[in-house]
Every structure is written in structure tokens, then in C-alpha cells.
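Pasted below: target.tsv, TSV, C-alpha atoms and all ligand atoms.
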```
chain	number	residue	atom	x	y	z
A	244	MET	CA	-21.10	4.08	11.36
A	245	THR	CA	-21.74	7.34	13.10
A	246	SER	CA	-22.12	10.00	10.49
A	247	PRO	CA	-20.23	13.14	11.34
A	248	ASP	CA	-22.14	16.38	10.95
A	249	GLN	CA	-21.81	18.33	7.74
A	250	THR	CA	-19.42	20.96	9.01
A	251	SER	CA	-16.89	18.71	10.75
A	252	THR	CA	-13.52	18.09	9.14
A	253	PRO	CA	-11.78	14.68	9.08
A	254	TYR	CA	-9.46	16.08	11.76
A	255	ASP	CA	-12.41	16.98	14.01
A	256	ASP	CA	-13.77	13.46	13.48
A	257	ALA	CA	-10.41	11.96	14.47
A	258	ARG	CA	-10.31	14.10	17.63
A	259	ALA	CA	-13.80	12.90	18.55
A	260	ALA	CA	-12.74	9.27	17.97
A	261	ALA	CA	-9.59	9.76	20.07
A	262	GLU	CA	-11.64	11.20	22.95
A	263	ARG	CA	-14.01	8.23	22.89
A	264	LEU	CA	-11.03	5.87	22.65
A	265	ALA	CA	-9.54	7.35	25.83
A	266	GLU	CA	-12.89	6.95	27.64
A	267	LEU	CA	-13.45	3.36	26.52
A	268	THR	CA	-9.90	2.10	27.08
A	269	GLY	CA	-9.13	4.17	30.19
A	270	VAL	CA	-5.83	5.06	28.52
A	271	ALA	CA	-5.49	8.85	28.34
A	272	GLN	CA	-2.70	8.83	25.78
A	273	HIS	CA	-1.31	6.28	23.34
A	274	ASP	CA	2.29	6.39	22.13
A	275	ILE	CA	2.75	4.08	19.15
A	276	ALA	CA	0.13	2.88	16.68
A	277	LEU	CA	0.25	-0.36	14.70
A	278	VAL	CA	-1.98	-1.33	11.82
A	279	LEU	CA	-2.07	-5.06	11.17
A	280	GLY	CA	-2.44	-6.10	7.55
A	281	SER	CA	-3.20	-9.43	5.92
A	282	GLY	CA	-1.32	-12.21	7.65
A	283	TRP	CA	-0.18	-10.13	10.64
A	284	LEU	CA	-3.03	-10.80	13.09
A	285	PRO	CA	-1.43	-13.91	14.62
A	286	ALA	CA	1.57	-11.75	15.60
A	287	VAL	CA	-0.44	-9.51	17.92
A	288	ASP	CA	-0.24	-11.70	21.03
A	289	ALA	CA	3.54	-11.31	21.16
A	290	LEU	CA	3.10	-7.57	21.77
A	291	GLY	CA	1.84	-8.00	25.33
A	292	GLU	CA	-1.27	-8.07	27.49
A	293	ALA	CA	-4.32	-6.19	26.29
A	294	THR	CA	-5.34	-3.32	28.59
A	295	ALA	CA	-8.58	-3.04	26.66
A	296	GLU	CA	-10.11	-4.17	23.40
A	297	ILE	CA	-12.96	-2.45	21.62
A	298	ALA	CA	-14.74	-2.72	18.28
A	299	THR	CA	-13.81	-0.11	15.69
A	300	THR	CA	-17.52	0.64	15.45
A	301	ASP	CA	-17.51	1.78	19.13
A	302	LEU	CA	-15.69	4.88	17.90
A	303	PRO	CA	-17.17	7.63	15.72
A	304	GLY	CA	-16.21	7.55	12.05
A	305	PHE	CA	-15.21	3.88	11.73
A	306	HIS	CA	-16.77	1.35	9.36
A	307	ALA	CA	-17.20	-2.37	10.01
A	308	ALA	CA	-14.31	-4.56	8.77
A	309	GLY	CA	-14.75	-5.96	5.29
A	310	VAL	CA	-12.17	-8.72	4.81
A	311	VAL	CA	-11.68	-12.20	6.26
A	312	GLY	CA	-8.58	-12.05	8.45
A	313	HIS	CA	-9.25	-8.40	9.37
A	314	SER	CA	-11.09	-8.43	12.65
A	315	GLY	CA	-12.57	-4.92	13.06
A	316	ARG	CA	-11.14	-4.47	16.55
A	317	ILE	CA	-8.76	-2.11	18.29
A	318	ARG	CA	-6.55	-3.29	21.13
A	319	SER	CA	-4.73	-1.13	23.66
A	320	ILE	CA	-1.59	-2.90	24.86
A	321	ARG	CA	0.83	-1.85	27.58
A	322	SER	CA	4.33	-2.68	26.39
A	323	GLY	CA	7.13	-1.58	28.69
A	324	GLU	CA	6.59	2.14	29.20
A	325	ALA	CA	4.52	2.55	26.05
A	326	ASN	CA	0.83	2.33	25.32
A	327	LEU	CA	0.35	0.67	21.95
A	328	LEU	CA	-2.75	1.33	19.88
A	329	VAL	CA	-3.21	-1.70	17.67
A	330	PHE	CA	-5.70	-1.73	14.82
A	331	LEU	CA	-6.44	-5.38	14.07
A	332	SER	CA	-7.96	-4.41	10.73
A	333	ARG	CA	-7.99	-1.56	8.25
A	334	THR	CA	-10.43	-0.05	5.79
A	335	HIS	CA	-9.15	-0.58	2.25
A	336	TYR	CA	-9.42	1.87	-0.61
A	337	TYR	CA	-11.19	-0.80	-2.70
A	338	GLU	CA	-14.12	-0.86	-0.25
A	339	GLY	CA	-15.27	2.35	-1.88
A	340	LYS	CA	-15.93	4.19	1.41
A	341	GLY	CA	-13.64	7.01	0.42
A	342	VAL	CA	-10.09	8.02	1.19
A	343	ALA	CA	-11.04	9.75	4.46
A	344	ALA	CA	-12.37	6.43	5.79
A	345	VAL	CA	-9.12	4.70	4.80
A	346	VAL	CA	-6.98	7.10	6.85
A	347	HIS	CA	-9.37	7.75	9.75
A	348	PRO	CA	-7.51	5.23	12.00
A	349	VAL	CA	-4.23	7.01	11.25
A	350	ARG	CA	-5.67	10.41	12.12
A	351	THR	CA	-7.31	8.97	15.22
A	352	ALA	CA	-3.95	7.54	16.32
A	353	ALA	CA	-2.32	10.95	15.86
A	354	ALA	CA	-5.11	12.64	17.83
A	355	ALA	CA	-4.68	9.99	20.55
A	356	GLY	CA	-1.06	11.07	20.98
A	357	CYS	CA	0.86	8.56	18.86
A	358	ARG	CA	4.15	9.92	17.59
A	359	ALA	CA	5.00	6.88	15.47
A	360	ILE	CA	2.97	4.41	13.43
A	361	VAL	CA	3.90	0.96	12.19
A	362	LEU	CA	1.98	0.13	9.01
A	363	THR	CA	2.06	-3.55	8.14
A	364	ASN	CA	0.61	-5.35	5.17
A	365	GLY	CA	0.61	-8.60	3.28
A	366	CYS	CA	1.70	-8.25	-0.32
A	367	GLY	CA	3.15	-9.83	-3.39
A	368	GLY	CA	6.92	-9.86	-3.80
A	369	LEU	CA	8.82	-9.30	-7.06
A	370	LYS	CA	12.43	-9.69	-6.06
A	371	GLU	CA	14.26	-12.84	-6.99
A	372	GLY	CA	15.12	-14.84	-3.89
A	373	TRP	CA	12.25	-13.52	-1.74
A	374	HIS	CA	9.92	-16.20	-0.41
A	375	PRO	CA	6.41	-16.25	1.09
A	376	GLY	CA	6.58	-15.57	4.84
A	377	GLN	CA	9.47	-13.11	4.53
A	378	ALA	CA	9.26	-9.62	6.06
A	379	VAL	CA	10.57	-6.69	4.00
A	380	LEU	CA	10.98	-3.06	5.12
A	381	ILE	CA	9.26	-0.49	2.92
A	382	SER	CA	11.88	2.00	1.76
A	383	ASP	CA	9.58	4.16	-0.39
A	384	HIS	CA	6.30	3.86	-2.26
A	385	ILE	CA	4.52	4.42	-5.54
A	386	ASN	CA	0.87	5.35	-5.08
A	387	LEU	CA	-1.11	4.11	-8.08
A	388	THR	CA	-4.52	4.89	-6.59
A	389	GLY	CA	-4.51	8.27	-8.29
A	390	THR	CA	-5.65	9.97	-5.11
A	391	SER	CA	-4.47	11.55	-1.85
A	392	PRO	CA	-5.94	11.65	1.65
A	393	ILE	CA	-5.07	15.34	1.82
A	394	VAL	CA	-7.64	17.84	0.61
A	395	GLY	CA	-6.61	21.38	-0.23
A	396	ALA	CA	-3.33	23.12	-0.94
A	397	ASN	CA	-1.23	21.38	1.69
A	398	PHE	CA	1.93	20.34	-0.15
A	399	VAL	CA	3.22	17.74	2.29
A	400	ASP	CA	6.83	16.67	1.73
A	401	LEU	CA	7.24	12.90	1.30
A	402	THR	CA	11.03	12.74	1.18
A	403	ASP	CA	12.10	10.02	3.63
A	404	LEU	CA	8.44	9.18	4.28
A	405	TYR	CA	9.48	5.77	5.59
A	406	SER	CA	11.72	6.77	8.48
A	407	PRO	CA	15.39	5.92	7.89
A	408	ARG	CA	15.82	6.03	11.68
A	409	LEU	CA	13.15	3.37	12.27
A	410	ARG	CA	14.40	1.24	9.38
A	411	GLY	CA	17.84	1.39	10.93
A	412	LEU	CA	16.43	0.20	14.26
A	413	CYS	CA	14.77	-2.73	12.47
A	414	ARG	CA	18.05	-3.74	10.87
A	415	GLU	CA	19.76	-3.60	14.27
A	416	ILE	CA	17.20	-6.19	15.36
A	417	ASP	CA	17.49	-8.25	12.20
A	418	PRO	CA	20.44	-7.42	9.92
A	419	ASP	CA	19.00	-9.74	7.25
A	420	LEU	CA	15.88	-7.59	6.70
A	421	ASP	CA	15.73	-6.49	3.08
A	422	GLU	CA	14.02	-3.31	1.82
A	423	GLY	CA	11.80	-2.60	-1.15
A	424	VAL	CA	9.61	-0.02	-2.87
A	425	TYR	CA	5.91	-0.74	-2.26
A	426	VAL	CA	3.49	-0.18	-5.13
A	427	GLN	CA	-0.14	0.31	-4.14
A	428	PHE	CA	-2.64	-0.80	-6.76
A	429	PRO	CA	-6.32	0.04	-6.18
A	430	GLY	CA	-7.44	-3.64	-6.12
A	431	PRO	CA	-9.43	-5.59	-5.09
A	432	HIS	CA	-8.34	-7.82	-7.97
A	433	TYR	CA	-4.72	-8.89	-7.98
A	434	GLU	CA	-2.46	-7.63	-10.75
A	435	THR	CA	-2.12	-9.22	-14.12
A	436	PRO	CA	1.36	-10.58	-14.86
A	437	ALA	CA	1.83	-7.59	-17.23
A	438	GLU	CA	0.99	-5.16	-14.40
A	439	VAL	CA	3.47	-6.93	-12.14
A	440	ARG	CA	6.13	-6.45	-14.81
A	441	MET	CA	5.10	-2.79	-15.03
A	442	ALA	CA	5.51	-2.38	-11.28
A	443	GLY	CA	9.02	-3.78	-11.64
A	444	VAL	CA	9.86	-1.42	-14.49
A	445	LEU	CA	8.61	1.50	-12.36
A	446	GLY	CA	11.05	0.52	-9.62
A	447	GLY	CA	8.77	-1.48	-7.33
A	448	GLN	CA	9.51	-4.75	-5.55
A	449	LEU	CA	6.32	-5.12	-3.48
A	450	VAL	CA	2.73	-4.98	-4.76
A	451	GLY	CA	-0.30	-4.50	-2.54
A	452	MET	CA	-3.59	-2.73	-1.92
A	453	SER	CA	-2.95	-0.59	1.16
A	454	THR	CA	-0.44	1.48	3.14
A	455	THR	CA	0.50	4.40	0.87
A	456	LEU	CA	-2.53	6.58	1.63
A	457	GLU	CA	-2.14	5.84	5.34
A	458	ALA	CA	1.57	6.70	5.24
A	459	ILE	CA	0.79	10.04	3.57
A	460	ALA	CA	-1.85	10.87	6.20
A	461	ALA	CA	0.57	9.87	8.95
A	462	ARG	CA	3.25	12.16	7.56
A	463	GLU	CA	0.72	14.99	7.28
A	464	ALA	CA	-0.12	14.40	10.97
A	465	GLY	CA	3.57	14.57	11.90
A	466	MET	CA	4.06	10.93	12.86
A	467	GLU	CA	7.17	8.92	12.16
A	468	VAL	CA	6.28	6.07	9.78
A	469	LEU	CA	7.58	2.53	9.65
A	470	GLY	CA	6.25	0.23	6.92
A	471	ILE	CA	6.78	-3.52	7.01
A	472	SER	CA	5.47	-5.87	4.35
A	473	LEU	CA	4.99	-9.57	4.79
A	474	VAL	CA	5.59	-11.13	1.40
A	475	THR	CA	2.77	-13.65	1.46
A	476	ASN	CA	2.95	-14.65	-2.18
A	477	LEU	CA	5.11	-14.21	-5.21
A	478	ALA	CA	3.48	-11.54	-7.41
A	479	ALA	CA	1.18	-12.81	-10.16
A	480	GLY	CA	2.93	-14.66	-12.94
A	481	LEU	CA	6.13	-15.28	-10.98
A	482	SER	CA	5.28	-18.59	-9.32
A	483	GLY	CA	3.35	-20.41	-12.03
A	484	GLU	CA	0.40	-20.72	-9.60
A	485	PRO	CA	-2.78	-18.62	-9.31
A	486	LEU	CA	-3.10	-16.30	-6.27
A	487	ASN	CA	-5.58	-16.82	-3.47
A	488	HIS	CA	-6.37	-15.15	-0.13
A	489	GLU	CA	-6.07	-18.41	1.86
A	490	GLU	CA	-2.41	-18.58	0.88
A	491	VAL	CA	-1.99	-15.13	2.42
A	492	LEU	CA	-3.53	-16.19	5.73
A	493	GLU	CA	-1.44	-19.39	5.76
A	494	ALA	CA	1.78	-17.45	5.20
A	495	GLY	CA	0.80	-15.22	8.13
A	496	LYS	CA	0.22	-18.15	10.45
A	497	ALA	CA	3.51	-19.71	9.50
A	498	ALA	CA	5.39	-16.43	10.03
A	499	ALA	CA	3.43	-15.29	13.11
A	500	SER	CA	5.96	-15.91	15.84
A	501	ARG	CA	8.79	-14.32	13.84
A	502	MET	CA	6.66	-11.27	12.97
A	503	GLY	CA	5.51	-10.99	16.59
A	504	GLY	CA	9.12	-11.05	17.77
A	505	LEU	CA	10.11	-8.42	15.24
A	506	LEU	CA	7.21	-6.10	16.11
A	507	SER	CA	7.70	-6.37	19.87
A	508	GLN	CA	11.42	-5.61	19.58
A	509	VAL	CA	10.72	-2.72	17.21
A	510	VAL	CA	8.16	-1.03	19.47
A	511	ALA	CA	10.55	-1.35	22.40
A	512	LYS	CA	13.06	0.73	20.45
A	513	VAL	CA	10.77	3.31	18.78
B	601	LIG	I1	-1.58	-10.52	0.66
B	601	LIG	O1	0.11	-10.06	-4.95
B	601	LIG	C1	-1.45	-9.68	-1.08
B	601	LIG	N1	-2.03	-8.52	-1.29
B	601	LIG	N2	-2.04	-6.04	-5.20
B	601	LIG	N3	-0.95	-8.08	-5.08
B	601	LIG	C2	-1.70	-7.11	-4.51
B	601	LIG	N4	-2.13	-7.17	-3.26
B	601	LIG	C3	-1.76	-8.24	-2.56
B	601	LIG	C4	-0.99	-9.27	-3.08
B	601	LIG	C5	-0.56	-9.19	-4.42
B	601	LIG	N5	-0.83	-10.19	-2.12
```
Serialized structure, C-alpha cells:
Amino acid sequence: MTSPDQTSTPYDDARAAAERLAELTGVAQHDIALVLGSGWLPAVDALGEATAEIATTDLPGFHAAGVVGHSGRIRSIRSGEANLLVFLSRTHYYEGKGVAAVVHPVRTAAAAGCRAIVLTNGCGGLKEGWHPGQAVLISDHINLTGTSPIVGANFVDLTDLYSPRLRGLCREIDPDLDEGVYVQFPGPHYETPAEVRMAGVLGGQLVGMSTTLEAIAAREAGMEVLGISLVTNLAAGLSGEPLNHEEVLEAGKAAASRMGGLLSQVVAKV
């Protein structure tokens, strides 16, 4: 990665990345950002033709992708009147590169002009009746990482973090979409069955390793936030089977066309 100089803030770094993004893609301003989580990559083609595709490492401040199924690329897609900025991968908290690295794409998207961001992820589901391959809207979150992307006395309000307006638009598209509270564990190990029960007691229905820090940074930057989880597995201890990452990728493939349809209809309405 390019190492920013000592005096630059994360916001300066994001502005520098957004400037380079505009040069490399030829797109002066982007409108809506999407971050594709585990299992969501196959849905990207439904969003439209790529105007440009670059490697995250072409931009200052980005690290190489660390997970199979996360490709380390950024695609600019023209969709109707909107320019979509699609991150085909994310940096996870468990990679140990720091919280600023986790939210750098979010801040770059804001600096590039995006007024809304769609954060997707693959996760474990707790609610009875949910099945692998099902999309669930994130209604709220519990951040169990013990940290924040915000440094300093900036007391950002997180009431209605996950936009009721955007969730409403999603339910106009698919009235069957359920909602749940997303609990971010630090990972990279999956939860124990006892921790899954704890998440349920705390009021969670979705367990994962991403999204909450990005949502906070997006709110700080003034973007509207939509969170959509793909339940790729029943949370540990609920299915009688061990968890594995291949199952996640399989659930994504199986759900790809439905998720692609949902995302393309959502961005048309945002
Ligand atoms: I995909 O069951 C996926 N990511 N923490 N727990 C956690 N993260 C996940 C899970 C899960 N499934």
C-alpha cells in the first residue's frame, strides 16, 4: 500500500483516493457505493456494464484483499442515471490493519460524491425459519469489536443508522424481506454455540465479522446507509453441522441472480 505521510488525516487520505479514482475511471463523480460481502460477488453482473475496473491497490491507502471470494477490485458501473462505485471486496477488522483501513473505502466513496452506501455481507442467521441463501435487511447493529472508526470527541448519532427510507424501498421491491439486528464479532473464528446464544439474548438475529464499523463511518460522512445480509449459514450450533467458508460461497452462487435483481432494483430507487 501507499503509506500516507505522517500529518495526513484519514479524511485527507480518502480525498486523495477519490481524486485518483476519478482519474483512473474517467468518472468525475460517483453517486451510490456498494460493498460486496461474502457470497455477493456473483450478483455484481446484474448491476450493469462496467465503465471501468481497477485494483484497490491502484488507489492510495488500500490494502490487498485477504479472503477467498473477495477480489480486491473496484468497479465503476453506469446504472440508469447513476454512477455506482462497487467494491468487490472489503478489508476486515480481523486482518489487523487497523480500523482506519477497514473504513477507508467508505470514506473514499463519500469523498467521491456518494450520498448513499449499500453494505452487504454474508453472515450466520439465528432466527427460526431463516434458511441459507435468504437476504435480510439490517435494522440495527451491535458492535462487539470494542472500537470505533471515529477518533476524537465527535459524538455521532446512530439513531436510525440503517435508513428506514431505504429499508422501506427494499420492502416495496420485495415485501417478504425480513429484518434483523446484526451483531459484529471480531472474528476471524466463528462463534461458539454459547456466543451465538449470547448474541440472541442481546437482541441479535444476524452474526458476522463486518459492516458495523463501515456503517458508523458512513454515517459520520453523512451518507445514507442500507445494510443487507445474506444468511449463508445457520449460526453455529443451530444446524448440527460445523461451519465452513465454502458453504458461504456456495450459498452466494445459489442466491446470485436473486441478490443481483434485488440490488439493481434497489439502486434504481435510491
Ligand atoms: I458468511 O456464522 C459468515 N460470516 N461471525 N458468524 C460470523 N461470521 C460469519 C458467519 C457466522 N457466517
**OP:** Please check which protein, DNA or RNA residues sit within 7 Å of ligand LIG 601 (chain B), counting only C-alpha atoms and all ligand atoms, and write them as a list in words.
**Re:**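 Selection of residues at most 7 Å from ligand LIG 601 (chain B): Ser281, Gly365, Cys366, Gly367, Gly368, Gln427, Phe428, Gly430, Tyr433, Glu434, Val450, Gly451, Met452, Thr475, Asn476, Leu477, Ala478, Ala479, His488 and Val491 of chain A.
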Original post:
With all atoms listed in the file as the basis for distance, which of A:Ala293, A:Ala498, A:Val394, A:Ala257 is at the shortest distance from Pro348 in chain A?
Top reply: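 For Pro348 in chain A, the nearest of the given residues is A:Ala257.
You will find CA of Ala494 in chain A at 13.2 Å from CA of Trp373 in chain A.
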Subject >> From A:Ile459, A:Ala271, A:Ala259, A:Val278, residue lying nearest Phe398 in chain A [all atoms listed in the file] >> reply: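 Among the listed residues, A:Ile459 lies closest to Phe398 in chain A.
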Subject >> CA of Arg318 in chain A to CA of Leu401 in chain A, distance in Å rounded to a single decimal >> reply: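 If I compute the distance from CA of Arg318 in chain A to CA of Leu401 in chain A, I get 29.1 Å.
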Original post:
Of the candidates A:Leu369, A:Leu506, A:Leu445, A:Cys413, which one gets nearest to Val474 in chain A if we count all atoms listed in the file?
Top reply: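 The shortest atom-to-atom distance to Val474 in chain A comes from A:Leu369.
You can rank A:Leu481, A:Val346, A:Leu456, A:Leu505 by their closest distance to Val287 in chain A using all atoms listed in the file, and at the top of that list sits A:Leu505.
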**OP:** Kindly indicate which residue among A:Pro485, A:Gly339, A:Gly304, A:Gly495 lies nearest to Asp255 in chain A, using all atoms listed in the file for the distances.
**Re:**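 Checking each of A:Pro485, A:Gly339, A:Gly304, A:Gly495 against Asp255 in chain A, counting all atoms listed in the file, the winner is A:Gly304.
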Model the absent atoms of range 389-413 of chain A so that N, CA and C atoms are present, and write the result as a PDB file, keeping the file's coordinate frame.
```
ATOM      1  N   GLY A 389      -4.097   7.035  -7.634  1.00  0.00           N
ATOM      2  CA  GLY A 389      -4.510   8.270  -8.290  1.00  0.00           C
ATOM      3  C   GLY A 389      -5.166   9.258  -7.358  1.00  0.00           C
ATOM      4  N   THR A 390      -5.002   9.063  -6.041  1.00  0.00           N
ATOM      5  CA  THR A 390      -5.650   9.970  -5.110  1.00  0.00           C
ATOM      6  C   THR A 390      -4.759  10.244  -3.903  1.00  0.00           C
ATOM      7  N   SER A 391      -5.196  11.176  -3.064  1.00  0.00           N
ATOM      8  CA  SER A 391      -4.470  11.550  -1.850  1.00  0.00           C
ATOM      9  C   SER A 391      -5.474  11.693  -0.715  1.00  0.00           C
ATOM     10  N   PRO A 392      -5.050  11.414   0.513  1.00  0.00           N
ATOM     11  CA  PRO A 392      -5.940  11.650   1.650  1.00  0.00           C
ATOM     12  C   PRO A 392      -6.029  13.130   2.000  1.00  0.00           C
ATOM     13  N   ILE A 393      -5.131  13.927   1.454  1.00  0.00           N
ATOM     14  CA  ILE A 393      -5.070  15.340   1.820  1.00  0.00           C
ATOM     15  C   ILE A 393      -5.937  16.137   0.860  1.00  0.00           C
ATOM     16  N   VAL A 394      -6.768  16.989   1.420  1.00  0.00           N
ATOM     17  CA  VAL A 394      -7.640  17.840   0.610  1.00  0.00           C
ATOM     18  C   VAL A 394      -7.190  19.283   0.782  1.00  0.00           C
ATOM     19  N   GLY A 395      -7.015  19.972  -0.318  1.00  0.00           N
ATOM     20  CA  GLY A 395      -6.610  21.380  -0.230  1.00  0.00           C
ATOM     21  C   GLY A 395      -5.132  21.543  -0.503  1.00  0.00           C
ATOM     22  N   ALA A 396      -4.691  22.797  -0.516  1.00  0.00           N
ATOM     23  CA  ALA A 396      -3.330  23.120  -0.940  1.00  0.00           C
ATOM     24  C   ALA A 396      -2.319  22.934   0.182  1.00  0.00           C
ATOM     25  N   ASN A 397      -2.199  21.693   0.637  1.00  0.00           N
ATOM     26  CA  ASN A 397      -1.230  21.380   1.690  1.00  0.00           C
ATOM     27  C   ASN A 397      -0.184  20.466   1.062  1.00  0.00           C
ATOM     28  N   PHE A 398       0.950  21.047   0.676  1.00  0.00           N
ATOM     29  CA  PHE A 398       1.930  20.340  -0.150  1.00  0.00           C
ATOM     30  C   PHE A 398       2.924  19.588   0.726  1.00  0.00           C
ATOM     31  N   VAL A 399       2.439  18.500   1.301  1.00  0.00           N
ATOM     32  CA  VAL A 399       3.220  17.740   2.290  1.00  0.00           C
ATOM     33  C   VAL A 399       4.435  17.084   1.627  1.00  0.00           C
ATOM     34  N   ASP A 400       5.577  17.254   2.238  1.00  0.00           N
ATOM     35  CA  ASP A 400       6.830  16.670   1.730  1.00  0.00           C
ATOM     36  C   ASP A 400       6.883  15.181   2.070  1.00  0.00           C
ATOM     37  N   LEU A 401       7.184  14.345   1.068  1.00  0.00           N
ATOM     38  CA  LEU A 401       7.240  12.900   1.300  1.00  0.00           C
ATOM     39  C   LEU A 401       8.656  12.341   1.140  1.00  0.00           C
ATOM     40  N   THR A 402       9.649  13.214   1.172  1.00  0.00           N
ATOM     41  CA  THR A 402      11.030  12.740   1.180  1.00  0.00           C
ATOM     42  C   THR A 402      11.245  11.981   2.485  1.00  0.00           C
ATOM     43  N   ASP A 403      11.867  10.807   2.412  1.00  0.00           N
ATOM     44  CA  ASP A 403      12.100  10.020   3.630  1.00  0.00           C
ATOM     45  C   ASP A 403      10.812   9.728   4.396  1.00  0.00           C
ATOM     46  N   LEU A 404       9.725   9.500   3.644  1.00  0.00           N
ATOM     47  CA  LEU A 404       8.440   9.180   4.280  1.00  0.00           C
ATOM     48  C   LEU A 404       8.580   7.996   5.229  1.00  0.00           C
ATOM     49  N   TYR A 405       9.285   6.979   4.764  1.00  0.00           N
ATOM     50  CA  TYR A 405       9.480   5.770   5.590  1.00  0.00           C
ATOM     51  C   TYR A 405      10.779   5.955   6.369  1.00  0.00           C
ATOM     52  N   SER A 406      10.644   6.278   7.625  1.00  0.00           N
ATOM     53  CA  SER A 406      11.720   6.770   8.480  1.00  0.00           C
ATOM     54  C   SER A 406      13.018   5.969   8.386  1.00  0.00           C
ATOM     55  N   PRO A 407      14.084   6.599   7.900  1.00  0.00           N
ATOM     56  CA  PRO A 407      15.390   5.920   7.890  1.00  0.00           C
ATOM     57  C   PRO A 407      15.813   5.531   9.301  1.00  0.00           C
ATOM     58  N   ARG A 408      15.458   6.356  10.289  1.00  0.00           N
ATOM     59  CA  ARG A 408      15.820   6.030  11.680  1.00  0.00           C
ATOM     60  C   ARG A 408      15.155   4.705  12.103  1.00  0.00           C
ATOM     61  N   LEU A 409      13.859   4.580  11.842  1.00  0.00           N
ATOM     62  CA  LEU A 409      13.150   3.370  12.270  1.00  0.00           C
ATOM     63  C   LEU A 409      13.589   2.148  11.449  1.00  0.00           C
ATOM     64  N   ARG A 410      13.883   2.368  10.176  1.00  0.00           N
ATOM     65  CA  ARG A 410      14.400   1.240   9.380  1.00  0.00           C
ATOM     66  C   ARG A 410      15.752   0.775   9.916  1.00  0.00           C
ATOM     67  N   GLY A 411      16.546   1.728  10.335  1.00  0.00           N
ATOM     68  CA  GLY A 411      17.840   1.390  10.930  1.00  0.00           C
ATOM     69  C   GLY A 411      17.676   0.574  12.197  1.00  0.00           C
ATOM     70  N   LEU A 412      16.694   0.961  13.031  1.00  0.00           N
ATOM     71  CA  LEU A 412      16.430   0.200  14.260  1.00  0.00           C
ATOM     72  C   LEU A 412      16.020  -1.234  13.916  1.00  0.00           C
ATOM     73  N   CYS A 413      15.208  -1.381  12.880  1.00  0.00           N
ATOM     74  CA  CYS A 413      14.770  -2.730  12.470  1.00  0.00           C
ATOM     75  C   CYS A 413      15.962  -3.576  12.035  1.00  0.00           C
TER      76      CYS A 413
END
```
